[in-house]
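Heads up, run-v1.txt below (compact mmCIF, N, CA and C atoms):
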```
# COMPACT_ATOMS: atom_id res chain seq x y z
N MET A 1 257.11 176.72 174.00
CA MET A 1 258.55 176.89 173.90
C MET A 1 259.02 177.71 175.10
N ASN A 2 260.03 177.23 175.77
CA ASN A 2 260.65 177.93 176.89
C ASN A 2 262.04 178.39 176.46
N ILE A 3 262.40 179.58 176.92
CA ILE A 3 263.75 180.12 176.70
C ILE A 3 264.24 180.64 178.04
N SER A 4 265.45 180.26 178.42
CA SER A 4 266.00 180.69 179.70
C SER A 4 267.43 181.17 179.53
N SER A 5 267.77 182.20 180.31
CA SER A 5 269.16 182.66 180.31
C SER A 5 269.88 182.01 181.48
N ILE A 6 271.13 181.67 181.25
CA ILE A 6 271.95 180.96 182.22
C ILE A 6 273.24 181.76 182.43
N ILE A 7 273.63 181.91 183.68
CA ILE A 7 274.92 182.52 184.00
C ILE A 7 275.88 181.39 184.34
N VAL A 8 276.91 181.25 183.53
CA VAL A 8 277.92 180.20 183.71
C VAL A 8 279.15 180.85 184.35
N ARG A 9 279.68 180.20 185.38
CA ARG A 9 280.89 180.70 186.05
C ARG A 9 282.00 179.67 185.93
N THR A 10 283.19 180.20 185.67
CA THR A 10 284.39 179.38 185.57
C THR A 10 285.58 180.20 186.07
N ARG A 11 286.70 179.58 186.19
CA ARG A 11 287.92 180.33 186.56
C ARG A 11 288.40 181.06 185.30
N PRO A 12 288.92 182.27 185.45
CA PRO A 12 289.37 183.03 184.28
C PRO A 12 290.34 182.27 183.37
N GLU A 13 291.20 181.46 183.96
CA GLU A 13 292.15 180.71 183.13
C GLU A 13 291.48 179.61 182.30
N ASN A 14 290.24 179.24 182.65
CA ASN A 14 289.52 178.22 181.89
C ASN A 14 288.44 178.82 180.97
N TYR A 15 288.36 180.13 180.95
CA TYR A 15 287.29 180.83 180.22
C TYR A 15 287.22 180.41 178.75
N ASP A 16 288.33 180.46 178.04
CA ASP A 16 288.33 180.14 176.61
C ASP A 16 287.88 178.71 176.34
N ALA A 17 288.34 177.78 177.15
CA ALA A 17 287.96 176.37 176.98
C ALA A 17 286.46 176.18 177.24
N VAL A 18 285.95 176.83 178.28
CA VAL A 18 284.52 176.71 178.59
C VAL A 18 283.68 177.33 177.48
N TRP A 19 284.09 178.51 177.00
CA TRP A 19 283.37 179.18 175.90
C TRP A 19 283.28 178.23 174.70
N LEU A 20 284.40 177.64 174.33
CA LEU A 20 284.44 176.73 173.18
C LEU A 20 283.58 175.49 173.44
N ASN A 21 283.69 174.90 174.63
CA ASN A 21 282.88 173.72 174.97
C ASN A 21 281.39 174.03 174.89
N LEU A 22 280.99 175.20 175.37
CA LEU A 22 279.58 175.59 175.31
C LEU A 22 279.12 175.75 173.87
N GLN A 23 279.93 176.41 173.05
CA GLN A 23 279.57 176.60 171.64
C GLN A 23 279.43 175.26 170.91
N GLU A 24 280.31 174.34 171.21
CA GLU A 24 280.31 173.06 170.50
C GLU A 24 279.34 172.04 171.09
N SER A 25 278.75 172.35 172.23
CA SER A 25 277.89 171.38 172.92
C SER A 25 276.56 171.12 172.22
N GLY A 26 276.06 172.10 171.48
CA GLY A 26 274.75 171.96 170.86
C GLY A 26 273.61 172.10 171.86
N LEU A 27 273.93 172.48 173.08
CA LEU A 27 272.92 172.61 174.14
C LEU A 27 272.40 174.03 174.31
N CYS A 28 273.17 175.01 173.78
CA CYS A 28 272.85 176.40 174.11
C CYS A 28 273.38 177.34 173.04
N GLU A 29 273.04 178.61 173.21
CA GLU A 29 273.65 179.68 172.42
C GLU A 29 274.49 180.51 173.38
N VAL A 30 275.71 180.81 172.97
CA VAL A 30 276.63 181.59 173.79
C VAL A 30 276.55 183.04 173.31
N HIS A 31 276.33 183.97 174.25
CA HIS A 31 276.09 185.35 173.85
C HIS A 31 277.25 186.29 174.18
N PHE A 32 277.64 186.36 175.41
CA PHE A 32 278.75 187.23 175.79
C PHE A 32 279.26 186.83 177.16
N GLY A 33 280.36 187.46 177.56
CA GLY A 33 280.93 187.12 178.86
C GLY A 33 281.99 188.11 179.29
N ASP A 34 282.58 187.82 180.43
CA ASP A 34 283.64 188.64 181.00
C ASP A 34 284.76 187.69 181.41
N LYS A 35 285.82 187.68 180.62
CA LYS A 35 286.91 186.74 180.85
C LYS A 35 287.57 186.96 182.21
N GLU A 36 287.76 188.23 182.60
CA GLU A 36 288.42 188.52 183.87
C GLU A 36 287.63 187.99 185.06
N LYS A 37 286.30 187.99 184.96
CA LYS A 37 285.45 187.50 186.05
C LYS A 37 285.08 186.03 185.88
N GLY A 38 285.35 185.47 184.70
CA GLY A 38 285.02 184.08 184.46
C GLY A 38 283.52 183.83 184.34
N VAL A 39 282.81 184.79 183.73
CA VAL A 39 281.35 184.71 183.59
C VAL A 39 280.99 184.67 182.11
N ILE A 40 280.08 183.74 181.75
CA ILE A 40 279.58 183.62 180.38
C ILE A 40 278.06 183.56 180.45
N ILE A 41 277.41 184.31 179.57
CA ILE A 41 275.94 184.32 179.52
C ILE A 41 275.50 183.51 178.31
N ILE A 42 274.62 182.55 178.57
CA ILE A 42 274.10 181.69 177.50
C ILE A 42 272.58 181.63 177.60
N THR A 43 271.93 181.13 176.55
CA THR A 43 270.50 180.83 176.61
C THR A 43 270.29 179.38 176.18
N ILE A 44 269.26 178.78 176.77
CA ILE A 44 268.84 177.44 176.38
C ILE A 44 267.37 177.50 175.99
N GLU A 45 266.95 176.58 175.15
CA GLU A 45 265.56 176.47 174.72
C GLU A 45 265.08 175.05 174.97
N GLY A 46 263.78 174.94 175.20
CA GLY A 46 263.19 173.62 175.38
C GLY A 46 261.69 173.66 175.17
N GLU A 47 261.14 172.54 174.83
CA GLU A 47 259.69 172.45 174.66
C GLU A 47 258.97 172.57 176.00
N ASN A 48 259.68 172.22 177.09
CA ASN A 48 259.09 172.30 178.43
C ASN A 48 260.22 172.47 179.44
N VAL A 49 259.82 172.64 180.69
CA VAL A 49 260.81 172.86 181.76
C VAL A 49 261.72 171.65 181.91
N GLU A 50 261.18 170.46 181.77
CA GLU A 50 261.99 169.25 181.94
C GLU A 50 263.14 169.21 180.93
N GLU A 51 262.85 169.61 179.69
CA GLU A 51 263.90 169.62 178.67
C GLU A 51 264.98 170.66 179.00
N GLU A 52 264.55 171.80 179.51
CA GLU A 52 265.52 172.82 179.90
C GLU A 52 266.39 172.36 181.07
N ILE A 53 265.79 171.73 182.05
CA ILE A 53 266.54 171.23 183.21
C ILE A 53 267.54 170.17 182.77
N GLU A 54 267.15 169.34 181.83
CA GLU A 54 268.05 168.31 181.30
C GLU A 54 269.27 168.96 180.64
N LYS A 55 269.04 169.99 179.85
CA LYS A 55 270.15 170.70 179.21
C LYS A 55 271.02 171.40 180.24
N LEU A 56 270.39 172.03 181.23
CA LEU A 56 271.14 172.72 182.27
C LEU A 56 272.05 171.75 183.03
N THR A 57 271.54 170.58 183.32
CA THR A 57 272.33 169.56 184.03
C THR A 57 273.54 169.14 183.19
N LYS A 58 273.34 168.97 181.89
CA LYS A 58 274.46 168.60 181.01
C LYS A 58 275.50 169.72 180.96
N ILE A 59 275.03 170.96 180.94
CA ILE A 59 275.94 172.10 180.92
C ILE A 59 276.74 172.16 182.21
N GLU A 60 276.08 171.95 183.34
CA GLU A 60 276.77 171.96 184.64
C GLU A 60 277.88 170.92 184.70
N ASN A 61 277.73 169.84 183.96
CA ASN A 61 278.70 168.75 184.00
C ASN A 61 279.83 168.90 182.98
N LEU A 62 279.82 169.98 182.18
CA LEU A 62 280.92 170.20 181.25
C LEU A 62 282.19 170.54 182.04
N PRO A 63 283.38 170.24 181.48
CA PRO A 63 284.63 170.50 182.18
C PRO A 63 284.82 171.97 182.53
N PHE A 64 285.40 172.22 183.69
CA PHE A 64 285.81 173.53 184.18
C PHE A 64 284.67 174.47 184.59
N ILE A 65 283.43 174.00 184.58
CA ILE A 65 282.32 174.86 184.97
C ILE A 65 282.14 174.76 186.49
N ILE A 66 282.18 175.91 187.13
CA ILE A 66 281.98 175.97 188.58
C ILE A 66 280.48 175.95 188.88
N SER A 67 279.72 176.76 188.13
CA SER A 67 278.27 176.77 188.31
C SER A 67 277.60 177.24 187.03
N ALA A 68 276.35 176.85 186.88
CA ALA A 68 275.50 177.29 185.77
C ALA A 68 274.11 177.49 186.38
N ASP A 69 273.74 178.75 186.54
CA ASP A 69 272.49 179.08 187.24
C ASP A 69 271.50 179.76 186.30
N MET A 70 270.27 179.24 186.33
CA MET A 70 269.21 179.83 185.54
C MET A 70 268.89 181.21 186.13
N HIS A 71 268.90 182.20 185.28
CA HIS A 71 268.68 183.57 185.75
C HIS A 71 267.27 184.05 185.43
N MET A 72 266.81 183.80 184.22
CA MET A 72 265.51 184.27 183.81
C MET A 72 264.92 183.27 182.83
N SER A 73 263.60 183.09 182.90
CA SER A 73 262.95 182.14 182.03
C SER A 73 261.72 182.77 181.39
N TYR A 74 261.45 182.40 180.15
CA TYR A 74 260.32 182.91 179.39
C TYR A 74 259.55 181.72 178.83
N CYS A 75 258.26 181.71 179.05
CA CYS A 75 257.41 180.64 178.54
C CYS A 75 256.36 181.26 177.62
N GLU A 76 256.42 180.91 176.35
CA GLU A 76 255.52 181.48 175.35
C GLU A 76 254.05 181.23 175.69
N GLU A 77 253.72 180.03 176.14
CA GLU A 77 252.34 179.69 176.45
C GLU A 77 251.81 180.53 177.62
N GLU A 78 252.66 180.78 178.60
CA GLU A 78 252.27 181.59 179.75
C GLU A 78 251.97 183.03 179.32
N LEU A 79 252.79 183.58 178.44
CA LEU A 79 252.57 184.93 177.93
C LEU A 79 251.27 185.00 177.14
N ASP A 80 251.02 184.00 176.30
CA ASP A 80 249.79 183.99 175.51
C ASP A 80 248.56 183.96 176.42
N LYS A 81 248.62 183.19 177.50
CA LYS A 81 247.50 183.11 178.44
C LYS A 81 247.27 184.47 179.10
N MET A 82 248.34 185.14 179.50
CA MET A 82 248.21 186.45 180.13
C MET A 82 247.60 187.46 179.16
N LYS A 83 248.00 187.39 177.89
CA LYS A 83 247.45 188.31 176.88
C LYS A 83 245.95 188.13 176.75
N GLU A 84 245.48 186.89 176.83
CA GLU A 84 244.05 186.62 176.72
C GLU A 84 243.26 187.22 177.87
N GLU A 85 243.88 187.34 179.02
CA GLU A 85 243.19 187.83 180.21
C GLU A 85 243.15 189.35 180.31
N ILE A 86 243.93 190.05 179.50
CA ILE A 86 243.99 191.52 179.56
C ILE A 86 242.94 192.11 178.63
N ASP A 87 242.11 193.00 179.16
CA ASP A 87 241.11 193.71 178.36
C ASP A 87 241.74 195.00 177.87
N LEU A 88 242.34 194.96 176.69
CA LEU A 88 243.03 196.13 176.17
C LEU A 88 242.07 197.28 175.87
N ASN A 89 240.82 196.96 175.49
CA ASN A 89 239.85 198.02 175.22
C ASN A 89 239.59 198.85 176.47
N ALA A 90 239.44 198.21 177.61
CA ALA A 90 239.21 198.94 178.86
C ALA A 90 240.42 199.80 179.20
N THR A 91 241.60 199.28 178.96
CA THR A 91 242.82 200.04 179.24
C THR A 91 242.90 201.27 178.35
N VAL A 92 242.61 201.12 177.07
CA VAL A 92 242.65 202.24 176.14
C VAL A 92 241.59 203.27 176.51
N GLU A 93 240.38 202.82 176.87
CA GLU A 93 239.32 203.74 177.28
C GLU A 93 239.75 204.56 178.49
N GLU A 94 240.38 203.92 179.46
CA GLU A 94 240.83 204.64 180.65
C GLU A 94 241.88 205.69 180.29
N LEU A 95 242.76 205.38 179.38
CA LEU A 95 243.81 206.33 179.00
C LEU A 95 243.28 207.47 178.14
N ASN A 96 242.15 207.26 177.48
CA ASN A 96 241.57 208.29 176.61
C ASN A 96 240.61 209.22 177.36
N THR A 97 240.59 209.19 178.65
CA THR A 97 239.73 210.08 179.43
C THR A 97 240.42 211.41 179.64
N ASP A 98 239.71 212.32 180.27
CA ASP A 98 240.27 213.63 180.58
C ASP A 98 240.97 213.64 181.93
N LYS A 99 241.26 212.46 182.47
CA LYS A 99 241.91 212.38 183.77
C LYS A 99 243.34 212.90 183.68
N LYS A 100 243.78 213.45 184.79
CA LYS A 100 245.17 213.83 184.90
C LYS A 100 245.98 212.56 185.17
N ALA A 101 247.23 212.57 184.82
CA ALA A 101 248.07 211.37 184.97
C ALA A 101 248.04 210.85 186.41
N GLU A 102 248.06 211.74 187.40
CA GLU A 102 248.09 211.30 188.79
C GLU A 102 246.75 210.68 189.24
N GLU A 103 245.70 210.85 188.46
CA GLU A 103 244.39 210.28 188.79
C GLU A 103 244.22 208.86 188.24
N ILE A 104 245.11 208.46 187.35
CA ILE A 104 245.00 207.12 186.75
C ILE A 104 245.65 206.12 187.69
N ARG A 105 244.91 205.10 188.06
CA ARG A 105 245.44 204.06 188.95
C ARG A 105 246.38 203.15 188.16
N TYR A 106 247.52 202.90 188.74
CA TYR A 106 248.51 202.03 188.11
C TYR A 106 248.97 201.01 189.13
N PHE A 107 249.01 199.76 188.73
CA PHE A 107 249.36 198.69 189.65
C PHE A 107 250.71 198.05 189.32
N GLY A 108 251.49 198.68 188.47
CA GLY A 108 252.79 198.13 188.12
C GLY A 108 252.74 197.19 186.94
N SER A 109 251.54 196.69 186.62
CA SER A 109 251.34 195.86 185.45
C SER A 109 249.86 195.79 185.16
N LEU A 110 249.53 195.46 183.96
CA LEU A 110 248.11 195.31 183.63
C LEU A 110 247.50 194.09 184.29
N LYS A 111 248.32 193.10 184.59
CA LYS A 111 247.83 191.88 185.21
C LYS A 111 247.19 192.18 186.58
N GLY A 112 247.79 193.03 187.38
CA GLY A 112 247.28 193.33 188.71
C GLY A 112 246.05 194.22 188.71
N LYS A 113 245.69 194.76 187.57
CA LYS A 113 244.58 195.70 187.49
C LYS A 113 243.24 195.02 187.68
N TYR A 114 243.11 193.80 187.27
CA TYR A 114 241.80 193.16 187.26
C TYR A 114 241.70 192.16 188.36
```
Take the structure I supplied and represent it as C-alpha cells, if you would.
Amino acid sequence: MNISSIIVRTRPENYDAVWLNLQESGLCEVHFGDKEKGVIIITIEGENVEEEIEKLTKIENLPFIISADMHMSYCEEELDKMKEEIDLNATVEELNTDKKAEEIRYFGSLKGKY
C-alpha cells in the first residue's frame, strides 16, 4: 500500500469549487488548505505507484486546478524491508554501554549504520 501527500494549487476565487470537487471525486482525502493562497493538501492511496500516478493525473485534470504535485510518499512494503535489515539488539546494546553520548556514533538514521 502506498500513501502520498499532494499539494494542489488553484486560484483563491476557485478554492471552494476545487475543495468540493476533490471531496466528491473519490480519488483522495482532503485534509486542509489555505484559501488566500489557493493551496489544498490531500492524500491519495494506491496498491502501487502506477495506481497513484493514475489518480494524480485525474486530479490534475479536475476543473480549476493549476497544479497537483506529489510532495511525500510512503510505501508500506519498503518500510517493512528496512525494518528487517535493522539489528535492534545491536542498537540497544550500544546504547546500554557506559559510553558518553558524544562517544556514540550516529549516522542520522539506523539504516546508514550498517
Provide the CA of Ile7 in chain A to CA of Val39 in chain A distance in Å, to one decimal place.
->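 Answer for the CA of Ile7 in chain A to CA of Val39 in chain A separation: 6.8 Å.
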Hey, what's within 6.5 Å of His71 in chain A if we count only N, CA and C atoms and toss same-chain stuff fewer than 2 positions away? As a PDB file with N, CA and C atoms, keeping the file's coordinate frame, please?
```
ATOM      1  N   SER A   4     265.450 180.260 178.420  1.00  0.00           N
ATOM      2  CA  SER A   4     266.000 180.690 179.700  1.00  0.00           C
ATOM      3  C   SER A   4     267.430 181.170 179.530  1.00  0.00           C
ATOM      4  N   SER A   5     267.770 182.200 180.310  1.00  0.00           N
ATOM      5  CA  SER A   5     269.160 182.660 180.310  1.00  0.00           C
ATOM      6  C   SER A   5     269.880 182.010 181.480  1.00  0.00           C
ATOM      7  N   ILE A   6     271.130 181.670 181.250  1.00  0.00           N
ATOM      8  CA  ILE A   6     271.950 180.960 182.220  1.00  0.00           C
ATOM      9  C   ILE A   6     273.240 181.760 182.430  1.00  0.00           C
ATOM     10  N   ILE A   7     273.630 181.910 183.680  1.00  0.00           N
ATOM     11  CA  ILE A   7     274.920 182.520 184.000  1.00  0.00           C
ATOM     12  C   ILE A   7     275.880 181.390 184.340  1.00  0.00           C
ATOM     13  N   ASP A  69     273.740 178.750 186.540  1.00  0.00           N
ATOM     14  CA  ASP A  69     272.490 179.080 187.240  1.00  0.00           C
ATOM     15  C   ASP A  69     271.500 179.760 186.300  1.00  0.00           C
ATOM     16  N   SER A  73     263.600 183.090 182.900  1.00  0.00           N
ATOM     17  CA  SER A  73     262.950 182.140 182.030  1.00  0.00           C
ATOM     18  C   SER A  73     261.720 182.770 181.390  1.00  0.00           C
TER      19      SER A  73
END
```
Interatomic distance (Å, one decimal) between CA of Pro63 in chain A and CA of Asn21 in chain A = 8.1 Å
So how many Å separate CA of Gly26 in chain A and CA of Asn14 in chain A, to one decimal?
-> 19.5 Å
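Among the candidate residues A:Glu102, A:Ile65, A:Val49, A:Phe32, the one lying nearest to Arg11 in chain A is A:Ile65, with distances computed using only N, CA and C atoms.
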From the set A:Met70, A:Ala17, A:Leu22, A:Met1, which residue has the shortest atom-to-atom contact distance to Glu45 in chain A, counting only N, CA and C atoms?
->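 When distances to Glu45 in chain A are compared using only N, CA and C atoms, the smallest one comes from A:Met1.
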Please provide the set of residues having any atom within 7 Å of Ala68 in chain A, restricted to only N, CA and C atoms, with same-chain residues fewer than 5 positions apart removed, written as a PyMOL selection string.
-> chain A and resi 6-9+56+59-60
Writer output for current selection, N, CA and C atoms, as an mmCIF file, keeping the file's coordinate frame:
```cif
data_model
loop_
_atom_site.group_PDB
_atom_site.id
_atom_site.type_symbol
_atom_site.label_atom_id
_atom_site.label_comp_id
_atom_site.auth_asym_id
_atom_site.auth_seq_id
_atom_site.Cartn_x
_atom_site.Cartn_y
_atom_site.Cartn_z
ATOM 1 N N ILE A 6 271.130 181.670 181.250
ATOM 2 C CA ILE A 6 271.950 180.960 182.220
ATOM 3 C C ILE A 6 273.240 181.760 182.430
ATOM 4 N N ILE A 7 273.630 181.910 183.680
ATOM 5 C CA ILE A 7 274.920 182.520 184.000
ATOM 6 C C ILE A 7 275.880 181.390 184.340
ATOM 7 N N VAL A 8 276.910 181.250 183.530
ATOM 8 C CA VAL A 8 277.920 180.200 183.710
ATOM 9 C C VAL A 8 279.150 180.850 184.350
ATOM 10 N N ARG A 9 279.680 180.200 185.380
ATOM 11 C CA ARG A 9 280.890 180.700 186.050
ATOM 12 C C ARG A 9 282.000 179.670 185.930
ATOM 13 N N LEU A 56 270.390 172.030 181.230
ATOM 14 C CA LEU A 56 271.140 172.720 182.270
ATOM 15 C C LEU A 56 272.050 171.750 183.030
ATOM 16 N N ILE A 59 275.030 170.960 180.940
ATOM 17 C CA ILE A 59 275.940 172.100 180.920
ATOM 18 C C ILE A 59 276.740 172.160 182.210
ATOM 19 N N GLU A 60 276.080 171.950 183.340
ATOM 20 C CA GLU A 60 276.770 171.960 184.640
ATOM 21 C C GLU A 60 277.880 170.920 184.700
#
```
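Among the candidates A:Gln23, A:Glu77, A:Asn2, A:Ile66, the residue lying nearest to Glu52 in chain A is A:Asn2 (atoms considered: all atoms listed in the file).
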For each of A:Glu84, A:Trp19, A:Ile3, A:Asp98, take the minimum atom-to-atom distance to Glu47 in chain A, counting all atoms listed in the file, then give the residue where this is smallest.
->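 For Glu47 in chain A, the nearest of the given residues is A:Ile3.
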Long-range neighbours of Glu13 in chain A as a list in words, 8 Å cut-off, only N, CA and C atoms, 4 positions minimum in chain = Ala17, Val18, Lys35, Glu36, Lys37 and Gly38 of chain A
